[in-house]
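Notes for the one structure printed next.
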Amino acid sequence: MSVAEIKYIDKPHPITGLTNGKLGIWLFLASEVMLFGALFSSLILLRVGSSDWPHGKNILDVPLATLNTIILITSSVTMVMAWASLKMDRFDKFKLYMGATIALSCAFLVIKFFEYSPKFSHYEAFLKPAAVSKYEDHLTGKASISGHIEKQTDDEIVFKPDTPKGDHGADHGAEHDGHAEHAEITIDRADIHRLTSFGPWHSNFLGIYFTMTGLHGLHIIGGIVVNAWLLFPGSVMFRKERERFEGRVECAGLYWHFVDLVWIFLFPTLYLL
Amino acid sequence: MVPEYGLWLPPDISTHGYQVDRLINVLHWFMALLFVGWGIFFTYCLFKFRARTGHRANYELPNAKISKWAEVAVAGFEVVLLFGLALPVWSQVKSDFPTDEDNPLRIRVIGEQFAWNFHYAGPDGIHGRTSPELMKADNLIGLDMSDPDAADDLVTNNWMHIPKNKKIVCDVSTKDVIHSFWIPVLRVKQDAIPGMSIPVWFEATEHGDKFQVACAQLCGNNHYTMKGDLTIYESEETFNEWYESMAGDGEDEEEEEE
Amino acid sequence: MSTDHHHNPGFIAKYVFSVDHKVIGIQYAVTALLFLFFGFCLMMMMRFQLAYPGEEIPVIGGLLAGALDPDTGGFLHNLAASLVSSDGFLLPEGYNVLGAMHGTIMVFLGVVPLAVGGFGNYVMPLQIGAPDMAFPKLNMASYWVFLAGGIVMLVSFFLPQGAAQSGWTSYPPLSVISPGQTMWLIGMVLLITSSLLGSVNFIVTIIHLRAEGLSFFRLPFFVWAQFVTAFLLLLAFPPLEAAGVLQLMDRVAGTSFFMPTGLVVANEVLNVAGEGNPLLWQHLFWFLAHPEVYVLILPALGIVAEVIANNTRKPLWGYRSMVYSTIFLGFMSFIVWAHHMFMTGMGETMSIFFQTTTMIISVPSVIILTALVISLWGSSIRFTVPMLFALSFLPMFAIGGLTGLPLGLAAADIHLHDTYYVIGHFHYVVAPGTLMALFAGIYYWYPKATGRKMNTMLGHMHFWGSFIFLNAVFMPMFFQGMAGVSRRLYDQTLYYHGDAVQSLTRMSSWGAWCLGIAQIPFIINFFASLWMGKKANDNPWEATTLEWSTPTPPPHGNFTTVPVVVCGPYEYSPPDKPDGFTPQMTANA
């Protein structure tokens with residue numbers, strides 16, 4: 001044995017039963033737990049301290065998110081299949097499943113894009129207390145009107161409001177972005193206390209939604225990069241250092257399951273509760 | 001009274017401050033004792049066990065029961081400090097708020113970059129409504145003059161006035177960033193956290209006008225200038241005289257004070 | 001990777017983008033020393049304003065004011081504009097910039113990279129008999145990400161909005177509305193990422209790559225200290241990263257996580273959603289920053305233990321209890337954070353919990369310190385230069401630790417919180433404490449890394465100068481704090497209680513400048529010894545631990561034979577060799 005050789009790169013350590021890489025990825029995931037743990041704690045604290053925390057389903061697109069949840073879980077399955085294929089010496093199947101994992105992750109991001117983008121053209125106008133009575137007919141329990149801006153001048157904004165919702169009724173939740181037929185409203189700028197799109201600046205709910213799903217999205221991108229590397233340039237290792245390559249795919253898989261798991265927590269916390 | 005400031009604790013003119021001071025003093029005696037005792041042992045070792053010809057290190061480790069006892073004693077003393085001296089003071093300051101029977105004077109303290117505003121309720125004992133939208137250069141705390149309770153209110157800027165021998169409750173808040181309401185001679189310190197109003201109480205035992213209110217938390221460029229004067233009146237009567245002389249000017253009182 | 005050790009790499013691969021832990025360690029150490037020097041310079045400027053408020057800063061004030069000339073323009077103009085007025089005074093915002101950046105640079109770019117990145121990287125793999133870190137390329141990445149973070153921090157001085165100016169604690173809402181903070185946050189995210197990569201590497205290395213026979217209780221205490229430190233970094237830093245991301249969102253995306261409703265700045269209501277909570281930041285920040293204190297102190301304790309064992313020529317007393325104490329410290333450090341927040345209006349129950357945990361955490365520190373002092377008993381002390389630094393660490397750390405007691409009790413905090421007493425306290429821990437230990441480490445391991453010894457006479461000059469003047473700088477701060485002077489004040493003479501102790505401020509400042517002069521022998525020694533130092537053999541200190549059983553300086557792969565460990569780490573003056581020592585390693589070819 002060479003003096004300069006770093007041990008346990010491909011063979012597990014006799015006591016821990018792990019290779020360096022696997023121990024490393026577990027430690028890394030521990031720190032990730034602390035990262036997302038801190039964000040979830042922040043979410044809880046902000047929510048508890050808020051007087052008006054919206055129901056996610058009234059603002060967010062639950063069907064798209066459900067679809068994304070299914071996609072991500074499926075990608076976890078294909079990831080396991082990719083690793084299992086390696087173990088069964090089916091390199092062709094590994095390529096297939098790994099390719100599927102990457103394709104599914106990309107689909108997740110594309111759907112995420114379609115989930116994000118309407119938020120930035122969807123506005124809410126918070127009215128000044130004095131002006132509330134003026135628009136009483138259009139309000140649904142809140143001192144604000146949300147919808148899409150049709151036209152705006154220096155003095156006025158023409159709003160196409162959303163379909164009115166029931167009392168946070170679940171059956172209306174998904175249609176918040178739908179352009180249902182509804183009369184336009186003209187609002188004086190002077191009556192508006194704050195006009196904002198449904199971007200992260202809208203409220204702490206959307207703020208934490210964009211921050212957490214955004215950070216999760218970055219993790220997805222990280223996973224895509226790693227998986228793509230393992231699929232293309234990195235896979236030459238399969239022929240040369242088989243065990244080490246399997247170890248790498250397994251580590252990438254652990255990471256991918258973690259990213260999946262974070263989403264499993266994010267989905268109910270943000271969209272359903 | 002003209003306080004003398006020096007190298008140790010500043011003068012204390014509050015009813016609860018002596019307990020804080022006692023805790024700090026006892027602690028420092030304890031720390032000094034520990035450090036000196038430890039230092040003597042340390043210096044002795046350095047001298048006694050210096051390398052020299054004919055002296056050789058002993059491989060056997062000393063059986064130092066003394067150290068164990070010393071550690072237990074330190075831990076024991078800490079328990080005494082914590083439960084005997086520290087917690088009761090904290091509990092008194094934090095929980096034993098003056099009740100209505102004590103008829104305390106309630107003052108709203110509003111920090112801003114870089115000044116302290118003091119909002120007095122006046123004879124009716126009720127602070128007028130305030131709102132952020134009304135906060136302008138001529139109405140620093142945004143007092144809503146349409147509120148009848150605000151009519152007899154008084155707002156002073158960077159100048160706090162209180163009577164002595166009366167329990168004072170300050171509701172500390174801030175308009176912008178975090179400040180910390182700090183009156184060294186009264187042993188009062190409370191962070192002003194945006195979005196919160198936190199009560200703190202004290203009672204002065206001396207009167208005079210050579211006192212200051214400071215800000216203890218970095219609050220921006222001119223943090224260092226964020227100091228107010230503190231005038232303590234000899235009695236409630238003299239305090240009320242001052243109040244009437246100020247409030248008599250009507251609605252422009254804030255400007256008077258600037 | 002294993003193959004990298006065999007072929008002969010070129011200069012760039014060998015010294016710049018090296019994957020060798022020793023080169024990376026030296027890169028970390030040198031970068032950190034430069035940052036420490038830079039952070040010290042910032043402080044010397046602040047000290048002038050404090051001692052002589054409203055006077056022109058000598059030399060530098062004039063130079064910077066010169067750069068204010070509109071013709072200069074560009075980066076230098078930005079730097080000068082954020083710091084000085086046209087007549088060479090330090091501006092209040094300049095003072096805040098210096099204060100915030102002094103703290104940030106000293107902690108995150110100076111002490112931690114030197115203690116963990118430098119000493120940890122260089123010494124730890126050697127001490128456990130490993131050929132390198134478990135992930136050499138990741139190790140290199142840690143260094144470069146760290147450097148990028150450092151550069152972002154430095155560049156921020158030269159941008160139009162200047163560097164951060166809300167203190168190293170960056171409490172919102174101030175930090176959200178102050179200029180310069182965005183670069184600080186980006187820099188911090190990079191530094192945190194670097195720490196995380198590093199800590200994973202350290203832990204895997206220590207668990208997996210120990211030499212044969214090197215059980216956990218045969219590890220040198222230094223390795224234990226690095227081990228616990230790595231766990232602290234791994235688990236405590238992510239919440240700060242989360243907090244940093246949230247604050248970054250508040251600044252660049254207009255969210256209001258830390259901004260409650262109805263904030264009025266300069267008589268204008270801020271146009272944000274509101275409903276945020278400024279205390280959320282403080283919780284997340286101190287959840288990191290208290291363990292961070294132990295990140296600063298544990299490696300220092302590790303170095304001190306090594307140097308003391310070596311120079312007392314006898315085994316450490318209470319090695320096991322020191323190890324257990326360190327682990328306990330690590331755990332406890334996660335549940336004391338809110339003792340930084342007693343004055344935020346905390347209720348009684350919560351404050352009792354945090355006061356109690358704070359008192360408990362002092363016990364393991366006392367045990368470690370006691371063990372180190374009792375280790376002197378029955379020894380034969382060689383007063384070498386590293387030993388002088390290590391010995392001076394003990395009383396300095398004792399002062400730092402003792403003055404933490406009043407600060408851990410909420411009632412005493414009423415008077416002492418946010419005063420100079422706090423500044424004195426934590427500086428005693430990290431400056432006369434940790435820094436002295438780090439110097440001890442430099443003098444101790446310099447011969448191993450360079451093959452030459454540092455000069456003893458210059459070392460003595462450096463030691464006595466540093467020891468005396470560090471105390472001259474920080475001792476007055478306790479009395480200033482007692483008098484009630486708030487920290488972070490641009491000019492304390494405006495206050496009755498501050499003006500009364502202004503003479504102490506001057507003493508502190510003169511102490512700081514003299515301390516600067518006292519570093520000159522060190523700087524000369526550090527560089528000149530590379531060429532002129534006495535040649536060192538493989539084991540100049542007659543030490544037992546594994547790093548001294550390698551050639552000096554160690555080659556790629558570290559060991560010429562596979563190390564096998566036969567005994568504990570500190571077998572000095574054993575019964576069979578009363579004048580000698582038993583090295584931990586026997587050669588197994």
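If you're wondering about the labels, chains in the structure tokens are A, B, ... by order shown, residues count from 1 in each chain, ligands from 1 in order shown.
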Can you list, as an mmCIF file with C-alpha atoms, in the first residue's frame, every protein, DNA or RNA residue that comes within 10 Å of region 41-50 of chain A when you count only C-alpha atoms, leaving out same-chain residues fewer than 6 positions away?
data_model
loop_
_atom_site.group_PDB
_atom_site.id
_atom_site.type_symbol
_atom_site.label_atom_id
_atom_site.label_comp_id
_atom_site.auth_asym_id
_atom_site.auth_seq_id
_atom_site.Cartn_x
_atom_site.Cartn_y
_atom_site.Cartn_z
ATOM 1 C CA ASN A 204 -44.233 37.712 4.153
ATOM 2 C CA PHE A 205 -46.169 34.702 2.939
ATOM 3 C CA GLY A 207 -41.714 36.366 0.543
ATOM 4 C CA ILE A 208 -41.024 33.132 2.339
ATOM 5 C CA TYR A 209 -42.677 31.184 -0.478
ATOM 6 C CA MET A 212 -37.836 28.765 0.166
ATOM 7 C CA THR A 269 -46.578 23.843 4.521
ATOM 8 C CA LEU A 270 -46.877 26.461 1.823
ATOM 9 C CA PRO C 239 -28.970 29.056 10.219
ATOM 10 C CA ALA C 242 -30.630 31.154 6.114
ATOM 11 C CA ALA C 243 -30.719 34.464 7.971
ATOM 12 C CA LEU C 246 -33.612 36.331 4.297
ATOM 13 C CA PHE C 257 -39.012 39.383 6.981
ATOM 14 C CA PHE C 258 -37.316 41.617 9.534
ATOM 15 C CA PRO C 260 -42.569 45.163 11.116
ATOM 16 C CA GLY C 274 -44.499 44.730 7.062
ATOM 17 C CA GLU C 275 -45.406 42.114 9.667
ATOM 18 C CA GLY C 276 -41.815 41.019 9.912
ATOM 19 C CA ASN C 277 -39.884 40.431 13.101
ATOM 20 C CA LEU C 280 -35.974 36.674 14.196
ATOM 21 C CA TRP C 281 -32.634 37.840 12.863
ATOM 22 C CA HIS C 283 -32.211 34.504 17.133
ATOM 23 C CA LEU C 284 -30.820 33.112 13.893
#
TODO: Pick out the chain A residues within 9 Å of chain C. Count only C-alpha atoms. Give them as a VMD selection string.
DONE: chain A and resid 1 to 9 13 15 to 16 19 to 21 23 to 25 27 to 28 30 to 39 42 45 to 46 49 to 51 194 199 to 204 206 to 208 211
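Considering the residues C:Ser379, C:Asn525, C:Ser85, C:Ser365 and counting only C-alpha atoms, chain B has its shortest atom-to-atom contact with C:Ser379.
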- [ ] Can you check which residues of chain B have any atom within 12 Å of chain A? Use only C-alpha atoms and format it as a VMD selection string.
- [x] chain B and resid 133 195 to 196
Residue subset to file, keeping C-alpha atoms, as an mmCIF file, in the first residue's frame:
data_model
loop_
_atom_site.group_PDB
_atom_site.id
_atom_site.type_symbol
_atom_site.label_atom_id
_atom_site.label_comp_id
_atom_site.auth_asym_id
_atom_site.auth_seq_id
_atom_site.Cartn_x
_atom_site.Cartn_y
_atom_site.Cartn_z
ATOM 1 C CA GLU B 133 -48.760 58.125 8.599
ATOM 2 C CA GLY B 195 -43.133 46.674 16.056
ATOM 3 C CA MET B 196 -43.160 46.168 19.815
#
Open item on the list: Please find the residues of chain C near chain B - the criterion being any atom within 6 Å, counting only C-alpha atoms - and write them as a ChimeraX atom specification.
Closed with: /C:92-93,173-174,260,262-265,267,314,343-344,378-382,411-412,414-415,418,479,482-483,486,489-490,497,500,573-574
For the residues selected in the previous step, produce a file with N, CA and C atoms as a tab-separated table (two decimals), in the first residue's frame.
chain	number	residue	atom	x	y	z
C	92	PRO	N	-18.86	60.00	11.10
C	92	PRO	CA	-19.55	59.00	11.92
C	92	PRO	C	-19.87	57.74	11.14
C	93	GLU	N	-20.29	57.89	9.87
C	93	GLU	CA	-20.59	56.68	9.09
C	93	GLU	C	-19.30	55.93	8.79
C	173	PRO	N	-33.82	46.42	11.70
C	173	PRO	CA	-33.97	47.00	10.37
C	173	PRO	C	-32.80	47.87	9.92
C	174	LEU	N	-31.90	48.25	10.86
C	174	LEU	CA	-30.83	49.16	10.46
C	174	LEU	C	-30.05	48.60	9.28
C	260	PRO	N	-41.17	45.14	10.69
C	260	PRO	CA	-42.57	45.16	11.12
C	260	PRO	C	-43.35	46.25	10.38
C	262	GLY	N	-45.39	49.59	9.64
C	262	GLY	CA	-45.41	50.96	10.14
C	262	GLY	C	-44.07	51.54	10.51
C	263	LEU	N	-43.00	51.11	9.86
C	263	LEU	CA	-41.70	51.73	10.14
C	263	LEU	C	-41.66	53.09	9.47
C	264	VAL	N	-41.17	54.07	10.22
C	264	VAL	CA	-41.08	55.43	9.69
C	264	VAL	C	-39.62	55.86	9.72
C	265	VAL	N	-39.03	56.00	8.56
C	265	VAL	CA	-37.64	56.44	8.51
C	265	VAL	C	-37.62	57.83	7.89
C	267	ASN	N	-39.28	60.38	8.67
C	267	ASN	CA	-40.65	60.85	8.55
C	267	ASN	C	-41.40	60.34	7.33
C	314	LYS	N	5.79	16.68	30.26
C	314	LYS	CA	5.06	15.64	30.96
C	314	LYS	C	3.66	15.55	30.35
C	343	MET	N	-31.86	41.96	26.92
C	343	MET	CA	-32.47	43.29	26.97
C	343	MET	C	-33.53	43.52	25.90
C	344	THR	N	-33.87	42.44	25.16
C	344	THR	CA	-34.87	42.64	24.10
C	344	THR	C	-36.28	42.48	24.62
C	378	GLY	N	4.62	19.62	38.89
C	378	GLY	CA	5.56	18.50	38.76
C	378	GLY	C	6.22	18.42	37.40
C	379	SER	N	6.12	19.51	36.62
C	379	SER	CA	6.71	19.49	35.28
C	379	SER	C	8.09	20.12	35.30
C	380	SER	N	8.63	20.24	34.12
C	380	SER	CA	9.91	20.94	33.98
C	380	SER	C	9.73	21.91	32.81
C	381	ILE	N	9.41	23.16	33.14
C	381	ILE	CA	8.92	24.08	32.11
C	381	ILE	C	10.06	24.71	31.32
C	382	ARG	N	10.05	24.50	30.01
C	382	ARG	CA	10.98	25.19	29.12
C	382	ARG	C	10.30	26.46	28.64
C	411	ALA	N	-29.66	40.22	35.28
C	411	ALA	CA	-29.76	41.39	36.14
C	411	ALA	C	-28.52	42.27	36.04
C	412	ALA	N	-27.34	41.65	35.97
C	412	ALA	CA	-26.13	42.44	35.83
C	412	ALA	C	-26.06	43.03	34.42
C	414	ILE	N	-28.36	44.41	32.91
C	414	ILE	CA	-29.09	45.67	32.84
C	414	ILE	C	-28.08	46.81	32.77
C	415	HIS	N	-27.04	46.69	33.58
C	415	HIS	CA	-26.05	47.75	33.53
C	415	HIS	C	-25.00	47.51	32.45
C	418	ASP	N	-24.26	45.81	26.17
C	418	ASP	CA	-23.96	46.81	25.14
C	418	ASP	C	-23.08	47.96	25.63
C	479	PHE	N	-13.44	49.14	32.79
C	479	PHE	CA	-13.79	50.28	33.63
C	479	PHE	C	-14.69	51.26	32.87
C	482	MET	N	-18.02	49.67	33.10
C	482	MET	CA	-18.57	49.86	34.44
C	482	MET	C	-19.16	51.26	34.56
C	483	ALA	N	-18.47	52.22	33.97
C	483	ALA	CA	-18.96	53.60	34.04
C	483	ALA	C	-20.23	53.77	33.22
C	486	SER	N	-21.68	53.29	26.41
C	486	SER	CA	-22.20	52.39	25.37
C	486	SER	C	-21.10	52.07	24.38
C	489	LEU	N	-19.79	53.95	20.11
C	489	LEU	CA	-20.02	55.39	20.12
C	489	LEU	C	-18.87	56.08	19.39
C	490	TYR	N	-19.25	56.97	18.50
C	490	TYR	CA	-18.26	57.72	17.73
C	490	TYR	C	-17.53	58.71	18.64
C	497	HIS	N	-21.02	60.46	31.86
C	497	HIS	CA	-20.30	59.28	32.32
C	497	HIS	C	-19.19	58.89	31.35
C	500	ALA	N	-16.08	61.39	31.80
C	500	ALA	CA	-15.33	61.14	33.02
C	500	ALA	C	-14.25	60.08	32.82
C	573	SER	N	8.83	12.24	29.21
C	573	SER	CA	9.53	11.74	30.41
C	573	SER	C	8.92	10.45	30.95
C	574	PRO	N	8.68	9.44	30.12
C	574	PRO	CA	8.09	8.21	30.64
C	574	PRO	C	9.10	7.47	31.51
- [ ] Might you pull out every residue within 12 Å of Phe353 (chain C), with only C-alpha atoms counted and same-chain residues fewer than 5 positions away left off, and present them as a ChimeraX atom specification?
- [x] /B:82-83,87 /C:335-339,342,346-348,358-360,408-410
Same residues, N, CA, C and O atoms, saved as a short mmCIF file (atom, residue, chain, number, x, y, z; two decimals), in the first residue's frame:
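Now in result.cif:
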data_model
loop_
_atom_site.label_atom_id
_atom_site.label_comp_id
_atom_site.auth_asym_id
_atom_site.auth_seq_id
_atom_site.Cartn_x
_atom_site.Cartn_y
_atom_site.Cartn_z
N LEU B 82 -26.77 32.75 40.92
CA LEU B 82 -27.89 32.74 39.97
C LEU B 82 -29.21 32.83 40.72
O LEU B 82 -30.03 33.69 40.46
N PHE B 83 -29.39 31.90 41.68
CA PHE B 83 -30.70 31.83 42.32
C PHE B 83 -30.83 32.79 43.50
O PHE B 83 -31.92 33.24 43.81
N LEU B 87 -31.47 36.11 39.91
CA LEU B 87 -32.85 35.93 39.47
C LEU B 87 -33.85 36.82 40.22
O LEU B 87 -34.76 37.37 39.61
N ILE C 335 -27.29 25.97 23.02
CA ILE C 335 -28.49 26.36 23.76
C ILE C 335 -28.22 27.50 24.73
O ILE C 335 -28.82 27.57 25.79
N VAL C 336 -27.31 28.37 24.37
CA VAL C 336 -27.10 29.53 25.23
C VAL C 336 -27.30 30.84 24.47
O VAL C 336 -27.12 31.91 25.02
N TRP C 337 -27.65 30.75 23.18
CA TRP C 337 -27.54 31.93 22.32
C TRP C 337 -28.31 33.14 22.83
O TRP C 337 -27.87 34.27 22.67
N ALA C 338 -29.47 32.92 23.46
CA ALA C 338 -30.29 34.08 23.78
C ALA C 338 -29.76 34.90 24.95
O ALA C 338 -30.34 35.91 25.31
N HIS C 339 -28.61 34.47 25.56
CA HIS C 339 -28.06 35.36 26.59
C HIS C 339 -27.48 36.63 25.98
O HIS C 339 -27.07 37.51 26.70
N PHE C 342 -30.92 39.40 26.41
CA PHE C 342 -31.70 39.62 27.63
C PHE C 342 -32.45 40.95 27.60
O PHE C 342 -33.51 41.09 28.19
N MET C 346 -37.14 40.06 26.93
CA MET C 346 -37.38 38.63 27.11
C MET C 346 -38.11 38.38 28.43
O MET C 346 -37.86 39.03 29.43
N GLY C 347 -39.00 37.42 28.41
CA GLY C 347 -39.76 37.10 29.61
C GLY C 347 -38.92 36.38 30.64
O GLY C 347 -37.79 35.98 30.38
N GLU C 348 -39.51 36.17 31.81
CA GLU C 348 -38.74 35.61 32.92
C GLU C 348 -38.33 34.17 32.69
O GLU C 348 -37.18 33.79 32.88
N THR C 358 -26.18 29.19 30.59
CA THR C 358 -24.94 29.96 30.52
C THR C 358 -24.03 29.65 31.69
O THR C 358 -22.82 29.54 31.55
N MET C 359 -24.64 29.53 32.88
CA MET C 359 -23.82 29.18 34.05
C MET C 359 -23.25 27.77 33.87
O MET C 359 -22.10 27.50 34.22
N ILE C 360 -24.06 26.87 33.31
CA ILE C 360 -23.58 25.49 33.13
C ILE C 360 -22.41 25.44 32.16
O ILE C 360 -21.44 24.73 32.37
N GLY C 408 -23.54 36.96 31.76
CA GLY C 408 -24.47 35.85 31.58
C GLY C 408 -25.67 35.96 32.50
O GLY C 408 -26.59 35.16 32.41
N LEU C 409 -25.64 36.91 33.42
CA LEU C 409 -26.76 37.09 34.35
C LEU C 409 -27.56 38.30 33.92
O LEU C 409 -27.04 39.41 33.82
N ALA C 410 -28.83 38.08 33.67
CA ALA C 410 -29.65 39.14 33.10
C ALA C 410 -29.65 40.40 33.96
O ALA C 410 -29.62 41.51 33.44
#
Open item on the list: Quick check for you: according to DSSP on this backbone, which residues of region 146-253 of chain B are classed as strand (DSSP E or B)? Reply as a ChimeraX atom specification.
Closed with: /B:154-157,159-163,167-174,179-183,188-192,198-204,208-215,228-233
Task: Nearby residues (only C-alpha atoms) at most 10 Å from Ser121 (chain A), same-chain spacing under 4 positions excluded, as number ranges by chain - done: A: 117, 147-149, 177, 196-199
- [ ] Go through region 186-343 of chain C and collect every residue that DSSP, computed from the backbone, puts in helix (DSSP H, G or I); the answer should be as an MDAnalysis selection string.
- [x] chainID C and resid 186:208 216:218 221:252 278:312 319:335 337:340 342:343
Open item on the list: Excluding Ser76 (chain A) and its own-chain neighbours fewer than 6 positions away, which residues fall within 9 Å of it when counting only C-alpha atoms? Please give them as number ranges by chain.
Closed with: A: 101, 253, 256-257, 260
- [ ] Would you list the contacts of Arg189 (chain A) as a list in words, taking every protein, DNA or RNA residue within 10 Å and counting only C-alpha atoms, but skipping same-chain residues closer than 6 positions in sequence?
- [x]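 Everything that qualifies: Ala125, Leu127, Gln152, Thr153, Asp154, Asp155, Glu156, Ile157 and Leu195 of chain A.
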Now that the selection is made, can you save its residues with C-alpha atoms as a tab-separated table (two decimals), in the first residue's frame?
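File part-v8.tsv, as written:
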chain	number	residue	atom	x	y	z
A	125	ALA	CA	-54.24	47.21	-4.34
A	127	LEU	CA	-56.95	50.64	-0.02
A	152	GLN	CA	-53.18	52.85	-15.80
A	153	THR	CA	-52.74	56.59	-15.83
A	154	ASP	CA	-51.21	58.98	-13.35
A	155	ASP	CA	-54.46	59.25	-11.43
A	156	GLU	CA	-56.29	56.02	-12.00
A	157	ILE	CA	-55.83	52.33	-12.40
A	195	LEU	CA	-50.09	48.69	-4.88
- [ ] Tell me which of C:Val23, C:Ala163, C:Met43, C:Ala390 sits closest to Asn121 (chain C), counting only C-alpha atoms.
- [x]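 Closest to Asn121 (chain C) of all the choices is C:Val23.
Interatomic distance, CA of Leu546 (chain C) against CA of Leu219 (chain C): 9.9 Å.
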